[in-house]
>>> print(open('protein.cif').read())   # mmCIF, C-alpha atoms and all ligand atoms
data_model
#
loop_
_atom_site.label_atom_id
_atom_site.label_comp_id
_atom_site.auth_asym_id
_atom_site.auth_seq_id
_atom_site.Cartn_x
_atom_site.Cartn_y
_atom_site.Cartn_z
CA MET A 1335 -24.47 9.38 5.95
CA ARG A 1336 -23.87 7.76 9.34
CA GLU A 1337 -20.17 7.35 10.00
CA CYS A 1338 -19.02 3.75 10.18
CA LEU A 1339 -15.43 2.78 10.99
CA ALA A 1340 -13.82 -0.65 10.89
CA ILE A 1341 -11.52 -2.06 13.55
CA ILE A 1342 -9.38 -4.90 12.22
CA VAL A 1343 -7.84 -7.05 14.94
CA ALA A 1344 -4.46 -8.27 13.73
CA SER A 1345 -2.31 -8.44 16.84
CA GLY A 1346 -2.45 -12.21 17.43
CA ARG A 1347 0.67 -14.35 17.35
CA GLY A 1348 -0.85 -17.27 15.40
CA THR A 1349 1.08 -19.85 17.35
CA ARG A 1350 -0.70 -22.80 15.72
CA PHE A 1351 1.17 -22.19 12.47
CA GLY A 1352 4.71 -22.78 13.70
CA SER A 1353 5.96 -20.19 11.20
CA GLU A 1354 8.36 -17.33 11.86
CA ARG A 1355 5.83 -14.63 11.12
CA PRO A 1356 2.31 -14.31 12.53
CA LYS A 1357 -0.32 -15.96 10.32
CA GLN A 1358 -1.96 -12.67 9.25
CA TYR A 1359 1.25 -11.81 7.40
CA LEU A 1360 1.63 -15.18 5.66
CA PRO A 1361 1.29 -15.02 1.88
CA LEU A 1362 -2.00 -15.78 0.19
CA HIS A 1363 -1.64 -15.83 -3.58
CA GLY A 1364 1.58 -13.83 -3.21
CA ARG A 1365 0.28 -11.12 -0.88
CA PRO A 1366 0.05 -10.93 2.92
CA MET A 1367 -3.26 -12.34 4.12
CA LEU A 1368 -3.96 -9.17 6.11
CA GLN A 1369 -3.77 -7.06 2.94
CA TYR A 1370 -6.91 -8.79 1.58
CA THR A 1371 -8.76 -8.17 4.83
CA LEU A 1372 -7.84 -4.50 4.96
CA LYS A 1373 -8.50 -3.90 1.27
CA ALA A 1374 -12.04 -5.30 1.59
CA PHE A 1375 -12.86 -2.64 4.18
CA ALA A 1376 -10.78 0.20 2.71
CA ASP A 1377 -12.51 -0.27 -0.67
CA HIS A 1378 -16.04 -0.49 0.78
CA PRO A 1379 -18.00 2.71 0.10
CA ARG A 1380 -19.87 2.58 3.41
CA ILE A 1381 -16.73 2.25 5.57
CA HIS A 1382 -15.28 5.67 6.35
CA GLY A 1383 -12.03 4.60 7.93
CA VAL A 1384 -10.08 1.49 8.85
CA ARG A 1385 -8.11 1.21 12.08
CA THR A 1386 -5.90 -1.83 12.47
CA VAL A 1387 -4.83 -3.12 15.86
CA ILE A 1388 -1.37 -4.66 15.52
CA HIS A 1389 1.32 -6.18 17.70
CA PRO A 1390 4.24 -3.82 18.44
CA ASP A 1391 6.67 -6.41 17.02
CA ASP A 1392 4.86 -6.38 13.67
CA SER A 1393 5.21 -2.70 12.74
CA ALA A 1394 7.61 -3.32 9.86
CA LEU A 1395 5.59 -6.27 8.51
CA TYR A 1396 2.43 -4.19 8.74
CA GLN A 1397 3.86 -1.16 6.92
CA LYS A 1398 5.06 -3.43 4.12
CA ALA A 1399 1.68 -5.14 3.85
CA VAL A 1400 -0.36 -1.95 3.63
CA ARG A 1401 1.84 0.27 1.46
CA GLU A 1402 -0.80 0.84 -1.19
CA LEU A 1403 -3.89 1.12 1.01
CA ASP A 1404 -5.56 4.22 2.43
CA LEU A 1405 -5.92 3.46 6.16
CA MET A 1406 -5.92 5.20 9.51
CA ASP A 1407 -2.71 4.84 11.55
CA PRO A 1408 -2.58 1.50 13.39
CA VAL A 1409 -2.67 1.21 17.16
CA PHE A 1410 -1.03 -1.44 19.32
CA GLY A 1411 -3.09 -4.22 20.85
CA GLY A 1412 -3.02 -5.81 24.29
CA GLU A 1413 -2.56 -9.23 25.86
CA THR A 1414 -5.77 -10.78 24.56
CA ARG A 1415 -8.02 -10.25 21.56
CA GLN A 1416 -10.56 -8.62 23.86
CA ASP A 1417 -7.94 -6.18 25.17
CA SER A 1418 -6.93 -5.40 21.61
CA VAL A 1419 -10.50 -4.65 20.54
CA ARG A 1420 -10.98 -2.42 23.55
CA LEU A 1421 -7.79 -0.50 22.75
CA GLY A 1422 -8.98 -0.12 19.16
CA LEU A 1423 -12.33 1.21 20.38
CA GLU A 1424 -10.66 3.59 22.86
CA SER A 1425 -8.49 4.97 20.06
CA LEU A 1426 -11.60 6.15 18.22
CA GLU A 1427 -13.08 8.09 21.12
CA ASP A 1428 -12.20 11.52 19.72
CA ARG A 1429 -13.64 10.65 16.35
CA ASN A 1430 -16.74 9.21 18.04
CA PRO A 1431 -18.18 7.38 15.01
CA GLU A 1432 -21.78 6.28 15.03
CA MET A 1433 -21.00 2.65 14.22
CA VAL A 1434 -18.02 0.31 14.30
CA LEU A 1435 -17.48 -3.02 12.61
CA ILE A 1436 -15.02 -5.27 14.44
CA HIS A 1437 -13.37 -7.86 12.20
CA ASP A 1438 -10.70 -10.55 12.51
CA GLY A 1439 -7.59 -9.84 10.46
CA ALA A 1440 -7.48 -13.58 9.79
CA ARG A 1441 -10.73 -13.56 7.77
CA PRO A 1442 -9.25 -12.31 4.49
CA LEU A 1443 -12.06 -13.37 2.17
CA ILE A 1444 -14.75 -11.16 3.67
CA GLY A 1445 -17.10 -10.01 0.93
CA ALA A 1446 -18.71 -6.59 0.46
CA GLN A 1447 -22.21 -8.08 0.75
CA VAL A 1448 -21.68 -9.38 4.28
CA ILE A 1449 -20.37 -5.96 5.29
CA ASP A 1450 -23.48 -4.38 3.74
CA ARG A 1451 -25.81 -6.75 5.57
CA VAL A 1452 -24.22 -5.97 8.94
CA ILE A 1453 -24.41 -2.20 8.35
CA ASP A 1454 -28.04 -2.47 7.17
CA ALA A 1455 -29.01 -4.39 10.30
CA LEU A 1456 -27.58 -1.65 12.51
CA ASP A 1457 -30.48 0.55 11.41
CA LYS A 1458 -32.69 -1.45 13.75
CA ALA A 1459 -30.41 -3.09 16.31
CA THR A 1460 -27.53 -1.96 18.53
CA GLY A 1461 -25.49 -4.92 17.36
CA ALA A 1462 -25.45 -7.24 14.34
CA ILE A 1463 -23.23 -10.17 13.44
CA PRO A 1464 -23.04 -12.47 10.43
CA ALA A 1465 -23.80 -16.08 11.31
CA LEU A 1466 -24.42 -19.39 9.59
CA PRO A 1467 -26.82 -22.10 10.73
CA ILE A 1468 -25.17 -25.33 11.84
CA SER A 1469 -25.98 -28.14 9.44
CA ASP A 1470 -23.85 -30.95 10.91
CA THR A 1471 -25.22 -32.97 13.81
CA LEU A 1472 -23.54 -31.99 17.07
CA LYS A 1473 -22.23 -34.56 19.54
CA ARG A 1474 -20.97 -34.00 23.02
CA VAL A 1475 -18.03 -36.38 23.56
CA GLU A 1476 -16.26 -37.40 26.73
CA ASN A 1477 -13.19 -39.67 26.74
CA GLY A 1478 -13.87 -40.59 23.12
CA ILE A 1479 -17.42 -41.74 23.81
CA ILE A 1480 -20.50 -39.83 22.72
CA GLY A 1481 -22.46 -38.63 25.70
CA ASP A 1482 -25.37 -37.06 23.94
CA THR A 1483 -26.58 -35.49 20.72
CA ILE A 1484 -27.28 -31.79 20.89
CA ASP A 1485 -30.34 -30.32 19.25
CA ARG A 1486 -28.89 -27.98 16.65
CA GLY A 1487 -32.17 -26.10 16.23
CA GLY A 1488 -31.53 -22.39 16.70
CA LEU A 1489 -27.75 -22.84 16.78
CA PHE A 1490 -25.54 -20.64 14.61
CA ARG A 1491 -21.82 -20.19 13.98
CA ALA A 1492 -20.75 -16.59 14.59
CA GLN A 1493 -18.48 -14.80 12.11
CA THR A 1494 -17.12 -11.29 11.87
CA PRO A 1495 -17.42 -8.36 11.13
CA GLN A 1496 -19.51 -7.80 14.22
CA GLY A 1497 -21.15 -4.38 14.03
CA PHE A 1498 -22.28 -2.18 16.88
CA ALA A 1499 -23.35 1.32 17.74
CA TYR A 1500 -20.02 2.79 18.88
CA ARG A 1501 -20.80 4.18 22.33
CA PRO A 1502 -22.64 1.13 23.71
CA ILE A 1503 -19.92 -1.33 22.60
CA LEU A 1504 -17.17 0.91 23.99
CA ASP A 1505 -19.01 1.05 27.32
CA ALA A 1506 -19.56 -2.71 27.28
CA HIS A 1507 -15.83 -3.33 26.68
CA ARG A 1508 -14.90 -0.99 29.50
CA GLN A 1509 -17.27 -2.71 31.89
CA MET A 1510 -16.23 -6.24 30.95
CA LYS A 1511 -12.50 -5.50 31.06
CA GLY A 1512 -10.71 -8.52 32.49
CA GLN A 1513 -13.68 -10.88 32.07
CA ALA A 1514 -12.89 -13.20 29.20
CA MET A 1515 -15.66 -13.40 26.60
CA THR A 1516 -15.47 -15.37 23.36
CA ASP A 1517 -16.46 -12.57 21.00
CA ASP A 1518 -17.68 -8.99 20.95
CA ALA A 1519 -21.29 -10.05 20.60
CA ALA A 1520 -21.05 -12.10 23.81
CA LEU A 1521 -19.78 -9.04 25.59
CA ALA A 1522 -22.60 -6.93 24.16
CA GLU A 1523 -25.21 -9.54 25.14
CA ALA A 1524 -23.83 -9.66 28.67
CA ASN A 1525 -24.35 -5.90 28.81
CA GLY A 1526 -27.96 -6.13 27.73
CA LEU A 1527 -27.50 -4.86 24.17
CA ASP A 1528 -29.72 -6.36 21.49
CA VAL A 1529 -27.63 -8.18 18.92
CA THR A 1530 -29.24 -9.49 15.77
CA ILE A 1531 -27.87 -11.85 13.14
CA VAL A 1532 -27.58 -11.54 9.37
CA PRO A 1533 -26.62 -14.27 6.91
CA GLY A 1534 -22.88 -14.95 6.95
CA ASP A 1535 -20.85 -16.44 4.13
CA GLU A 1536 -19.13 -19.84 3.95
CA GLY A 1537 -16.29 -18.13 2.09
CA ASN A 1538 -15.63 -15.82 5.04
CA LEU A 1539 -13.51 -18.44 6.72
CA LYS A 1540 -11.21 -17.82 9.64
CA ILE A 1541 -7.62 -18.84 9.03
CA THR A 1542 -6.58 -20.76 12.11
CA GLU A 1543 -4.41 -23.56 10.75
CA ASN A 1544 -2.34 -24.27 7.66
CA SER A 1545 -5.20 -26.24 6.13
CA ASP A 1546 -7.40 -23.12 6.36
CA LEU A 1547 -4.79 -21.13 4.47
CA GLU A 1548 -4.79 -23.78 1.74
CA ARG A 1549 -8.59 -23.67 1.65
CA ALA A 1550 -8.54 -19.88 1.33
CA ALA A 1551 -5.97 -20.12 -1.48
CA ARG A 1552 -8.23 -22.60 -3.30
CA ARG A 1553 -11.25 -20.31 -2.90
CA LEU A 1554 -9.21 -17.40 -4.13
CA ASN A 1555 -7.88 -19.43 -7.06
CA ALA A 1556 -11.44 -20.18 -8.06
CA GLN A 1557 -11.93 -16.42 -8.43
CA ILE A 1558 -8.66 -15.84 -10.30
CA ARG A 1559 -8.52 -15.82 -14.08
CA ALA A 1560 -5.41 -15.95 -16.23
CA ARG A 1561 -5.14 -13.21 -18.85
CA THR A 1562 -2.73 -13.25 -21.74
CA GLY A 1563 -1.49 -10.13 -23.50
CA MET A 1564 0.77 -9.76 -26.49
CA GLY A 1565 2.93 -6.95 -27.79
CA PHE A 1566 4.95 -6.21 -30.91
CA ASP A 1567 7.35 -3.39 -31.70
CA VAL A 1568 9.98 -2.33 -34.22
CA HIS A 1569 12.71 0.28 -34.04
CA ARG A 1570 15.24 1.41 -36.63
CA LEU A 1571 18.97 0.68 -36.26
CA GLU A 1572 21.60 3.18 -37.37
CA PRO A 1573 25.35 3.47 -36.94
CA GLY A 1574 26.06 4.98 -33.52
CA ASP A 1575 27.65 4.35 -30.17
CA GLY A 1576 25.51 1.86 -28.35
CA LEU A 1577 21.90 0.93 -27.77
CA THR A 1578 19.56 0.06 -24.90
CA LEU A 1579 17.87 -3.33 -25.16
CA MET A 1580 15.85 -5.10 -22.45
CA GLY A 1581 16.91 -2.38 -20.04
CA LEU A 1582 20.62 -2.96 -20.63
CA ALA A 1583 23.10 -0.58 -22.26
CA LEU A 1584 24.90 -2.60 -24.95
CA PRO A 1585 28.28 -1.40 -26.24
CA GLU A 1586 27.71 -1.90 -29.98
CA PRO A 1587 28.66 0.21 -33.00
CA PHE A 1588 25.03 1.20 -33.70
CA CYS A 1589 22.07 2.79 -31.98
CA MET A 1590 18.29 2.58 -32.02
CA ILE A 1591 16.15 5.41 -33.31
CA GLY A 1592 12.99 6.40 -31.45
CA HIS A 1593 11.31 9.08 -29.40
CA SER A 1594 12.28 7.42 -26.11
CA ASP A 1595 15.41 5.32 -25.57
CA ALA A 1596 13.86 3.04 -28.24
CA ASP A 1597 14.16 -0.13 -26.15
CA VAL A 1598 12.16 -2.24 -28.56
CA GLY A 1599 12.05 -5.28 -26.24
CA LEU A 1600 10.68 -3.38 -23.25
CA HIS A 1601 8.15 -1.63 -25.51
CA ALA A 1602 6.78 -4.95 -26.80
CA LEU A 1603 6.66 -6.28 -23.23
CA THR A 1604 4.94 -3.15 -21.89
CA ASP A 1605 2.28 -3.53 -24.57
CA ALA A 1606 1.82 -7.19 -23.67
CA LEU A 1607 1.34 -6.29 -19.98
CA LEU A 1608 -1.09 -3.47 -20.82
CA GLY A 1609 -2.89 -5.98 -23.03
CA THR A 1610 -3.66 -8.24 -20.06
CA LEU A 1611 -5.66 -5.37 -18.56
CA ALA A 1612 -7.14 -4.26 -21.91
CA VAL A 1613 -6.15 -0.66 -21.17
CA GLY A 1614 -4.77 0.49 -24.50
CA ASP A 1615 -1.14 0.53 -25.58
CA ILE A 1616 2.12 2.24 -24.74
CA GLY A 1617 1.33 5.07 -27.18
CA SER A 1618 -1.95 5.91 -25.42
CA HIS A 1619 -0.26 5.98 -21.99
CA PHE A 1620 2.91 7.76 -23.15
CA PRO A 1621 2.08 9.72 -26.33
CA PRO A 1622 5.15 10.23 -28.59
CA SER A 1623 3.85 13.78 -29.08
CA ASP A 1624 4.57 14.49 -25.39
CA PRO A 1625 8.12 15.91 -25.04
CA THR A 1626 8.27 14.44 -21.51
CA TRP A 1627 9.10 11.05 -23.04
CA LYS A 1628 11.87 12.28 -25.33
CA GLY A 1629 14.84 10.03 -24.69
CA ALA A 1630 12.96 8.49 -21.76
CA ASP A 1631 14.23 5.37 -20.02
CA SER A 1632 11.74 2.68 -21.10
CA THR A 1633 11.77 1.10 -17.65
CA ILE A 1634 9.42 3.99 -16.76
CA PHE A 1635 6.87 2.56 -19.22
CA LEU A 1636 7.36 -0.97 -17.92
CA ASN A 1637 7.00 0.16 -14.29
CA ARG A 1638 3.75 1.96 -15.14
CA ALA A 1639 2.31 -1.22 -16.63
CA THR A 1640 3.34 -3.31 -13.61
CA ASP A 1641 1.88 -0.68 -11.27
CA LEU A 1642 -1.45 -0.86 -13.11
CA ILE A 1643 -1.45 -4.64 -12.80
CA ARG A 1644 -0.72 -4.46 -9.09
CA GLU A 1645 -3.43 -1.83 -8.58
CA ALA A 1646 -5.88 -4.20 -10.29
CA GLY A 1647 -4.92 -6.91 -7.78
CA GLY A 1648 -3.06 -8.84 -10.48
CA VAL A 1649 0.07 -10.97 -10.32
CA ILE A 1650 2.45 -11.36 -13.27
CA GLU A 1651 2.89 -15.10 -13.74
CA HIS A 1652 5.24 -15.23 -16.69
CA VAL A 1653 6.66 -13.15 -19.53
CA ASP A 1654 8.20 -14.31 -22.77
CA VAL A 1655 10.04 -11.95 -25.13
CA THR A 1656 11.43 -12.78 -28.57
CA LEU A 1657 13.97 -10.39 -30.10
CA ILE A 1658 14.14 -10.61 -33.89
CA CYS A 1659 17.37 -9.26 -35.36
CA GLU A 1660 20.57 -10.05 -37.24
CA ARG A 1661 22.58 -7.80 -34.96
CA PRO A 1662 23.46 -7.43 -32.17
CA LYS A 1663 23.98 -11.08 -31.37
CA ILE A 1664 21.72 -11.63 -28.34
CA GLY A 1665 23.35 -14.83 -27.02
CA PRO A 1666 26.22 -13.16 -25.12
CA TYR A 1667 23.78 -10.73 -23.47
CA ARG A 1668 20.92 -13.06 -22.73
CA ALA A 1669 21.77 -14.09 -19.15
CA ALA A 1670 22.30 -10.45 -18.16
CA MET A 1671 19.02 -9.49 -19.85
CA VAL A 1672 17.08 -12.18 -17.97
CA GLU A 1673 18.64 -11.07 -14.71
CA ARG A 1674 17.80 -7.42 -15.42
CA LEU A 1675 14.22 -8.14 -16.45
CA ALA A 1676 13.59 -10.45 -13.47
CA ASP A 1677 14.80 -7.60 -11.32
CA LEU A 1678 12.58 -5.03 -13.01
CA LEU A 1679 9.51 -7.24 -12.69
CA ALA A 1680 10.41 -8.60 -9.22
CA LEU A 1681 10.01 -12.14 -10.56
CA PRO A 1682 12.19 -15.21 -10.23
CA GLN A 1683 14.29 -15.85 -13.33
CA ASN A 1684 12.39 -19.02 -14.21
CA ARG A 1685 9.33 -16.87 -14.97
CA VAL A 1686 11.22 -14.54 -17.31
CA SER A 1687 12.00 -15.83 -20.79
CA ILE A 1688 14.07 -13.97 -23.39
CA LYS A 1689 14.59 -15.60 -26.76
CA ALA A 1690 16.18 -14.44 -30.00
CA THR A 1691 15.96 -15.32 -33.64
CA THR A 1692 17.06 -13.98 -37.01
CA THR A 1693 14.99 -13.89 -40.16
CA GLU A 1694 17.62 -15.71 -42.24
CA GLY A 1695 18.77 -12.50 -43.88
CA LEU A 1696 15.26 -11.70 -45.13
CA GLY A 1697 13.37 -8.44 -44.70
CA PHE A 1698 14.34 -5.33 -42.74
CA THR A 1699 15.61 -7.32 -39.77
CA GLY A 1700 17.60 -9.53 -42.12
CA ARG A 1701 19.22 -6.49 -43.71
CA GLY A 1702 20.04 -5.15 -40.23
CA GLU A 1703 17.90 -2.04 -40.70
CA GLY A 1704 15.98 -2.58 -37.50
CA ILE A 1705 15.10 -4.79 -34.54
CA ALA A 1706 11.66 -6.28 -33.98
CA ALA A 1707 10.38 -7.69 -30.71
CA GLN A 1708 7.42 -9.80 -29.71
CA ALA A 1709 6.23 -10.39 -26.16
CA VAL A 1710 3.58 -12.47 -24.43
CA ALA A 1711 2.62 -11.86 -20.81
CA THR A 1712 0.45 -14.00 -18.52
CA VAL A 1713 -1.19 -12.28 -15.57
CA SER A 1714 -3.55 -13.64 -12.89
CA LEU A 1715 -6.38 -11.28 -12.10
CA PRO A 1716 -9.30 -11.52 -9.71
CA SER A 1717 -12.43 -12.03 -11.81
MG MG A 1801 8.47 1.47 -29.56
#
>>> encode(input="protein.cif", output="structure tokens", more="lines below")
Ligand code: MG
Amino acid sequence: MRECLAIIVASGRGTRFGSERPKQYLPLHGRPMLQYTLKAFADHPRIHGVRTVIHPDDSALYQKAVRELDLMDPVFGGETRQDSVRLGLESLEDRNPEMVLIHDGARPLIGAQVIDRVIDALDKATGAIPALPISDTLKRVENGIIGDTIDRGGLFRAQTPQGFAYRPILDAHRQMKGQAMTDDAALAEANGLDVTIVPGDEGNLKITENSDLERAARRLNAQIRARTGMGFDVHRLEPGDGLTLMGLALPEPFCMIGHSDADVGLHALTDALLGTLAVGDIGSHFPPSDPTWKGADSTIFLNRATDLIREAGGVIEHVDVTLICERPKIGPYRAAMVERLADLLALPQNRVSIKATTTEGLGFTGRGEGIAAQAVATVSLPS
């Protein structure tokens, strides 16, 4: 297979946003915008490596944004976008790929099909870019007055990724150094390379202003579905010297019996979270027959479930746990439990609910033989 690398240009300062951090690191549905961009390329089977060009001031922001992605090391950009692309291209000289796709970090909603179309077109042309025909009538305006109407026939809006055979675009960038061009295709054209177009995508919008970020969030929301999972668990209570409940050690004159630390509340919640992904239950992920989990801290189980949700691109929206028992009395512990759980899930406390009830002295919980727990979790997942 012909080697194709992606260069993601993410070194701009995004001054039109007036925010502290550059726009490519602003949150989009809870994650840095740049993470979407990079993931689209890192996950694409026909892209063999992703090199990001970043600003030296953004190293920490970048590392935080890309923690879970498999990428090449970033390189630092230059004064202008064109300088940054050239530096990205230069950094690949040893690897000498056959093709490169150059993409704006601020186009986070790039789809796999557009990437495919650009790569396909490079079979026949030295360069290929996604573009959309202009449907609005174009007016040339001077001092607020329309001068003339421009024939829009044959006019297209250029998007990225712009794909090229590697050597010719590297040479073009070297030759045009210092001469400002609007995009990489313009630079290729000026160097006599043939650049073709493939259909772009309206969803592949470039985030330039706050309103674009809102538009991207709306598009993303349209692709997000809420999933609800539920969990239930019971553990036996016996006289002892303390128990673990909702991740807290409670000094009580009894203990919980189980293979792990028997944290019934975290077990119900872990099952609810696994339920949102439809990936089995706590027993299938952590078999009680496995001695590894003997006496295990149940936050390990919870963390595994939250990792799986994050890997699936999901966001935990809300959790609600009900503890059903006569003893211990939950009231005095509740605030500490909410604080602990919010911490474990990295959620604000108003998205973490812990409730308690008794069964009016009825049944095993009523007789104080055990504690039951129910949990419901709501998770947003890309559809
Ligand atoms: Mg259990």
>>> atom_distance(input="protein.cif", atom1="atom CA of Phe1490 of chain A", atom2="atom CA of Arg1451 of chain A")
16.6 Å
>>> residues_around(input="protein.cif", residues="segment 1617-1633 of chain A", least_positions_apart="3", cutoff="8 Å", atoms="only C-alpha atoms", output="number ranges by chain")
A: 1581, 1592-1597, 1600-1601, 1614, 1636-1637, 1678
>>> closest_residue(input="protein.cif", among="A:Leu1360, A:Val1475, A:Leu1577, A:Ala1676", to="Pro1662 of chain A", atoms="all atoms listed in the file")
A:Leu1577
>>> residues_around(input="protein.cif", residues="Tyr1667 of chain A", least_positions_apart="3", cutoff="12 Å", atoms="all atoms listed in the file", output="ChimeraX atom specification")
/A:1578-1586,1657,1661-1664,1670-1674,1688-1690
>>> residues_near_point(input="protein.cif", point="(-23.5, -12.7, 4.5)", cutoff="6 Å", atoms="only C-alpha atoms", output="count of residues only")
5
>>> residues_near_point(input="protein.cif", point="(-16.0, -14.0, 19.4)", cutoff="9 Å", atoms="only C-alpha atoms", output="number ranges by chain")
A: 1416, 1492-1494, 1496, 1515-1521
>>> closest_residue(input="protein.cif", among="A:Asp1454, A:Asp1407, A:Asp1567, A:Glu1354", to="ligand MG 1801 (chain A)", atoms="only C-alpha atoms and all ligand atoms")
A:Asp1567
